There are 2 protein chains.
Amino acid sequence: MLEISRDYINNLKDDIAEGRDSAIIALLADVHPADIADVFEELKSEENAYVYKLLDKELAADVIVELDEDVRELLLQSFTSKEIAEEVLEHIDSDDASDMIAELPEAKIEEIISHIEDEEKASDIIDLLAYSEGTAGSLMAKELVKVNQNWTVAHCIREMRKQAEELENVYTIYVVDDRGVLLGRLSLKKLLFSASTTRTIIKDIYDPQSIQTVLTDETEEKVANIMEKYDLVALPVVNESGQLLGRITIDDVVDVIMEEAERDYQMASGISEDVESSDGIWTLTRARIPWLLIGMAGGIAAAYVIGVFDIEKNPEMALFIPLITAMAGNAGVQSAAIVVQGLANNSLRMEAITRKLLKELAVGLVNGLICSLVLLLSSIVLDFSINLSITVSVALLSVITFAAVFGTFVPLVLNRYKVDPALATGPFVTTANDIIGLMIYFIVGNMLMTSVVA
Amino acid sequence: MLEISRDYINNLKDDIAEGRDSAIIALLADVHPADIADVFEELKSEENAYVYKLLDKELAADVIVELDEDVRELLLQSFTSKEIAEEVLEHIDSDDASDMIAELPEAKIEEIISHIEDEEKASDIIDLLAYSEGTAGSLMAKELVKVNQNWTVAHCIREMRKQAEELENVYTIYVVDDRGVLLGRLSLKKLLFSASTTRTIIKDIYDPQSIQTVLTDETEEKVANIMEKYDLVALPVVNESGQLLGRITIDDVVDVIMEEAERDYQMASGISEDVESSDGIWTLTRARIPWLLIGMAGGIAAAYVIGVFDIEKNPEMALFIPLITAMAGNAGVQSAAIVVQGLANNSLRMEAITRKLLKELAVGLVNGLICSLVLLLSSIVLDFSINLSITVSVALLSVITFAAVFGTFVPLVLNRYKVDPALATGPFVTTANDIIGLMIYFIVGNMLMTSVVA
């Protein structure tokens with residue numbers, strides 16, 4: 001792994017500014033395309049365009065596949081449609097190619113594709129563009145090795161030479177019938193060990209065991225779950241008739257898994273867009289302002305709640321407002337997070353919803369009891385008034401219990417109505433819990449503070 | 001993918017209770033080991049032991065590898081050391097075998113290993129047990145295909161037949177010299193296409209290009225980063241002299257990636273142990289109580305802050321306490337989360353810390369200004385007193401700005417001192433921000449509320 005130092009980047013920038021092409025080529029020699037992509041992220045877009053033209057075409061194409069989307073977009077803007085077709089798309093897999101141009105305007109896409117000389121590649125890309133984002137179809141590549149069950153081993157090896165030429169990793173050889181229906185697979189290992197008996201028919205050596213497949217419209221989450229569960233490195237995609245259309249490879253799925261995890265994490269932290277700390281001030285602001293505004297609306301609502309319950313009569317009660325809201329939020333988020341995670345990794349067992357809620361009720365009660373007792377003792381030791389201590393402890397027990405159940409309930413309901421359950425760990429539930437927690441606190445307060453005073 | 005229905009499980013349970021072995025075998029026929037493992041999670045431990053003995057040895061071993069740790073532990077308790085050795089460990093890869101027994105007492109481990117008949121496997125397992133958890137050494141399997149550069153293609157294929165017999169996926173053939181030093185790799189594809197010219201020497205056809213490797217003591221996070229970055233399905237592990245010791249496969253790394261993401265997510269949600277919603281009440285309680293107690297300590301501290309600033313003089317100020325604490329927490333967690341995520345996926349660019357902090361200051365100011373203005377207008381429209389409206393708005397601007405900078409600063413500092421930066425999205429920073437936010441609010445309040453009144 002190349003550690004990109006500040007010096008390395010500065011040297012490169014100087015070389016670019018001075019047009020020292022051979023020095024640039026020397027600096028990037030033997031550097032992995034993924035590392036060159038990292039270097040590109042540190043350079044300006046004109047600098048990238050300059051370096052890009054110096055690279056070997058194949059290497060350059062590998063680099064552009066690895067680039068972050070925003071950096072790539074800027075770089076591609078300096079290319080003509082013909083250059084995009086001939087210098088980029090012709091050298092990369094169909095799935096990367098279609099991803100790369102999918103966001104462009106219709107007319108531009110057509111123009112680019114018209115410049116692709118390899119007709120099969122062009123039609124593969126057009127096919128892939130038809131699948132909507134987030135489906136198995138949009139994740140798959142058309143490139144794969146596929147052999148007919150009636151071929152001989154010798155024929156098969158001959159055909160594979162052609163098919164596999166452009167494939168970096170073969171993983172599996174798919175066996176199909178005359179109509180292209182997927183029948184099973186043949187391991188390279190087996191083929192290798194049969195290579196001396198070249199007249200053997202594939203039908204007699206392939207593995208016809210039922211093979212995991214997905215349809216083109218399966219969600220990418222499901223694809224990731226299947227590949228993770230069955231430890232697959234490649235997953236074939238078929239249509240309704242079982243015809244083999246493409247394959248999804250594990251590296252693309254690793255990206256899906258990481259993106260999903262990041263999205264859930266960002267949701268839980270109240271960030272609404274995919275941002276990185278290196279993004280601009282405006283992007284960072286836009287990603288955060290929605291939750292802040294929701295939080296503020298919640299805060300104003302909370303002010304009303306406090307106002308209605310006439311804090312001026314019992315100003316003492318103000319002391320524990322932060323404790324109540326913090327605990328309501330925390331307990332709710334904890335419960336919600338466990339459910340969200342269970343839904344995300346498919347580990348939610350088959351307990352009925354009511355059983356889950358009852359269990360959360362129990363957990364909430366236990367947590368609530370522990371916290372209330374600790375709080376009661378501490379506040380007496382710390383010399384808060386006895387009325388206030390009892391009020392806060394009773395309220396806390398109710399608040400934690402309520403929040404635990406509510407936090408479990410909301411993501412389950414969201415999930416049932418096909419809304420992303422991770423929303424439940426975000427602004428809405430936290431804010432709702434804050435407000436409901438305060439209500440509980442003041443209702444308990446109104447009963448206990450006055451009754452004991454009276 | 002098998003959808004496990006309640007009925008399916010109930011049928012199976014009945015069959016087990018009645019001892020209908022052939023019905024059980026029929027129910028599980030053609031079910032993937034990973035799915036059988038899911039079924040096991042729904043059964044009692046005695047039921048699992050019963051079913052397990054009915055399965056074919058190879059299949060049974062595949063099932064046990066896929067089981068959740070806690071379910072597996074219970075199941076293994078019903079096995080003798082000899083059974084564990086002969087019926088489980090002999091049939092699975094060395095890395096899975098060593099993981100499975102690593103947590104057992106020393107004496108038990110020795111007893112189990114003494115029953116393994118395959119001496120090479122036994123010594124592989126002993127080797128692997130020596131690596132500490134979370135390192136490349138503990139992730140790797142000893143099983144791989146390795147050939148000497150001086151062999152002919154024919155010799156190579158002959159040797160591979162032996163080595164690959166037990167290997168499910170070959171991925172790559174590693175080429176070594178006489179001392180076992182890793183030189184490069186040979187793709188199966190290439191070997192296949194050279195299979196007809198059997199007297200070719202491996203040296204002449206392998207790819208000597210520098211190959212990504214890791215040392216045994218590399219962290220699993222780094223391993224995951226490398227494999228993800230370079231899209232690898234297998235990564236060879238070497239010692240300091242470059243000798244090939246084993247290989248790490250992508251399926252193990254996918255698990256590492258998912259666990260890491262879950263850990264970060266749980267940290268952000270205030271859950272301190274790896275729990276699932278199906279765990280028991282006590283486990284669920286124990287995982288949550290630490291953060292709740294920290295939050296409570298924070299709440300009590302907050303009560304002191306409010307007490308010191310003498311809320312009874314300006315009880316009106318209590319109304320906006322929830323707003324201030326919510327916003328302080330939110331803004332802080334947002335900033336922290338972006339840094340934590342950047343550190344986790346290595347995407348933090350090389351901006352200096354001071355530049356990052358300055359940027360966060362700017363983002364905080366922009367967010368703070370927007371929120372303050374919105375709040376000022378709303379609170380005037382909603383007819384809160386003008387003094388209070390101004391106080392809250394000014395305080396809010398300072399609180400958001402401070403929280404944004406503080407939230408960025410803390411994870412960077414934690415990371416520098418090798419503490420998990422994800423702590424910063426958890427209890428400590430949220431609680432600290434709450435308290436500091438309140439201080440700012442009351443300091444501003446003491447200045448503005450009185451000055452305007454005077």
# chains A, B, ... in the order shown; residues from 1 in each chain; ligands from 1
>>> interface_residues(of="chain A", to="chain B", cutoff="6 Å", atoms="only C-alpha atoms", output="ChimeraX atom specification")
/A:192,231,251,265,269,277,281,285,299,303,306,312,315,318-320,322-323,333-334,338,363
>>> write_last_selection(atoms="N, CA and C atoms", output="PDB file, in the first residue's frame")
ATOM      1  N   LEU A 192      -9.196 -28.055 -15.332  1.00  0.00           N
ATOM      2  CA  LEU A 192      -7.747 -28.230 -15.425  1.00  0.00           C
ATOM      3  C   LEU A 192      -7.387 -29.702 -15.319  1.00  0.00           C
ATOM      4  N   ASP A 231     -21.015 -17.073   1.372  1.00  0.00           N
ATOM      5  CA  ASP A 231     -19.582 -16.905   1.085  1.00  0.00           C
ATOM      6  C   ASP A 231     -19.268 -17.024  -0.394  1.00  0.00           C
ATOM      7  N   ASP A 251     -16.310  -7.874  -5.065  1.00  0.00           N
ATOM      8  CA  ASP A 251     -15.743  -6.550  -4.799  1.00  0.00           C
ATOM      9  C   ASP A 251     -16.808  -5.466  -4.908  1.00  0.00           C
ATOM     10  N   TYR A 265     -25.053   4.571   9.585  1.00  0.00           N
ATOM     11  CA  TYR A 265     -24.281   5.297  10.585  1.00  0.00           C
ATOM     12  C   TYR A 265     -24.562   6.796  10.499  1.00  0.00           C
ATOM     13  N   SER A 269     -26.339   9.417  13.082  1.00  0.00           N
ATOM     14  CA  SER A 269     -25.640  10.601  13.567  1.00  0.00           C
ATOM     15  C   SER A 269     -26.263  11.883  13.050  1.00  0.00           C
ATOM     16  N   SER A 277     -15.227  14.453   5.304  1.00  0.00           N
ATOM     17  CA  SER A 277     -14.759  15.651   5.973  1.00  0.00           C
ATOM     18  C   SER A 277     -13.991  16.546   5.022  1.00  0.00           C
ATOM     19  N   ILE A 281     -17.507  23.454   2.538  1.00  0.00           N
ATOM     20  CA  ILE A 281     -18.303  23.956   3.656  1.00  0.00           C
ATOM     21  C   ILE A 281     -19.793  23.886   3.345  1.00  0.00           C
ATOM     22  N   THR A 285     -22.593  21.746   5.303  1.00  0.00           N
ATOM     23  CA  THR A 285     -23.697  22.437   5.959  1.00  0.00           C
ATOM     24  C   THR A 285     -25.029  21.838   5.529  1.00  0.00           C
ATOM     25  N   GLY A 299     -37.209  21.440  19.943  1.00  0.00           N
ATOM     26  CA  GLY A 299     -36.864  22.293  21.091  1.00  0.00           C
ATOM     27  C   GLY A 299     -37.933  23.331  21.355  1.00  0.00           C
ATOM     28  N   ALA A 303     -40.348  23.773  24.567  1.00  0.00           N
ATOM     29  CA  ALA A 303     -40.548  25.024  25.298  1.00  0.00           C
ATOM     30  C   ALA A 303     -42.030  25.207  25.622  1.00  0.00           C
ATOM     31  N   ILE A 306     -42.998  22.885  28.471  1.00  0.00           N
ATOM     32  CA  ILE A 306     -42.554  23.414  29.760  1.00  0.00           C
ATOM     33  C   ILE A 306     -43.416  24.604  30.170  1.00  0.00           C
ATOM     34  N   GLU A 312     -42.854  28.293  36.285  1.00  0.00           N
ATOM     35  CA  GLU A 312     -42.578  29.357  37.265  1.00  0.00           C
ATOM     36  C   GLU A 312     -43.069  28.983  38.665  1.00  0.00           C
ATOM     37  N   PRO A 315     -39.894  26.254  39.808  1.00  0.00           N
ATOM     38  CA  PRO A 315     -38.687  26.474  39.000  1.00  0.00           C
ATOM     39  C   PRO A 315     -37.597  25.439  39.294  1.00  0.00           C
ATOM     40  N   ALA A 318     -36.730  22.733  36.787  1.00  0.00           N
ATOM     41  CA  ALA A 318     -35.883  23.007  35.623  1.00  0.00           C
ATOM     42  C   ALA A 318     -34.541  22.288  35.721  1.00  0.00           C
ATOM     43  N   LEU A 319     -34.082  22.086  36.957  1.00  0.00           N
ATOM     44  CA  LEU A 319     -32.745  21.512  37.135  1.00  0.00           C
ATOM     45  C   LEU A 319     -32.577  20.178  36.408  1.00  0.00           C
ATOM     46  N   PHE A 320     -33.641  19.372  36.416  1.00  0.00           N
ATOM     47  CA  PHE A 320     -33.478  18.028  35.869  1.00  0.00           C
ATOM     48  C   PHE A 320     -34.025  17.853  34.448  1.00  0.00           C
ATOM     49  N   PRO A 322     -32.483  18.658  31.630  1.00  0.00           N
ATOM     50  CA  PRO A 322     -31.493  18.016  30.753  1.00  0.00           C
ATOM     51  C   PRO A 322     -31.372  16.524  31.023  1.00  0.00           C
ATOM     52  N   LEU A 323     -31.445  16.120  32.279  1.00  0.00           N
ATOM     53  CA  LEU A 323     -31.333  14.697  32.600  1.00  0.00           C
ATOM     54  C   LEU A 323     -32.461  13.918  31.937  1.00  0.00           C
ATOM     55  N   VAL A 333     -32.821   5.599  21.442  1.00  0.00           N
ATOM     56  CA  VAL A 333     -31.871   5.305  20.366  1.00  0.00           C
ATOM     57  C   VAL A 333     -31.259   3.919  20.553  1.00  0.00           C
ATOM     58  N   GLN A 334     -30.956   3.559  21.796  1.00  0.00           N
ATOM     59  CA  GLN A 334     -30.394   2.229  22.042  1.00  0.00           C
ATOM     60  C   GLN A 334     -31.331   1.135  21.530  1.00  0.00           C
ATOM     61  N   ILE A 338     -30.701  -1.447  18.059  1.00  0.00           N
ATOM     62  CA  ILE A 338     -30.638  -2.908  18.068  1.00  0.00           C
ATOM     63  C   ILE A 338     -31.591  -3.493  17.031  1.00  0.00           C
ATOM     64  N   VAL A 363     -36.738  -4.964  29.605  1.00  0.00           N
ATOM     65  CA  VAL A 363     -35.407  -4.358  29.627  1.00  0.00           C
ATOM     66  C   VAL A 363     -35.506  -2.910  30.083  1.00  0.00           C
TER      67      VAL A 363
END
>>> atom_distance(atom1="atom CA of A:Tyr8", atom2="atom CA of B:Lys418")
25.9 Å
>>> atom_distance(atom1="atom CA of B:Ala37", atom2="atom CA of B:Leu54")
14.4 Å
>>> select_by_dssp(residues="stretch 28-260 of chain A", states="strand (DSSP E or B)", output="NGL selection string")
:A and (135 or 141 or 145-148 or 152 or 173-176 or 181-186 or 201 or 207 or 214-215 or 219 or 234-238 or 243-249)
>>> atom_distance(atom1="atom CA of B:Lys142", atom2="atom CA of B:Ala154")
24.1 Å
>>> residues_around(residues="B:Glu86", least_positions_apart="2", cutoff="12 Å", atoms="only C-alpha atoms", output="list in words")
Lys57, Glu58, Ala60, Ala61, Phe79, Thr80, Ser81, Lys82, Glu83, Ile84, Val88, Leu89, Glu90, His91, Ile92, Ala97, Ile112, Ile113, Ser114, His115, Ile116, Glu117, Asp118, Lys121 and Ala122 of chain B
>>> closest_residue(among="B:Ser393, B:Thr219, B:Asn433, B:Ser385", to="B:Phe406", atoms="only C-alpha atoms")
B:Asn433
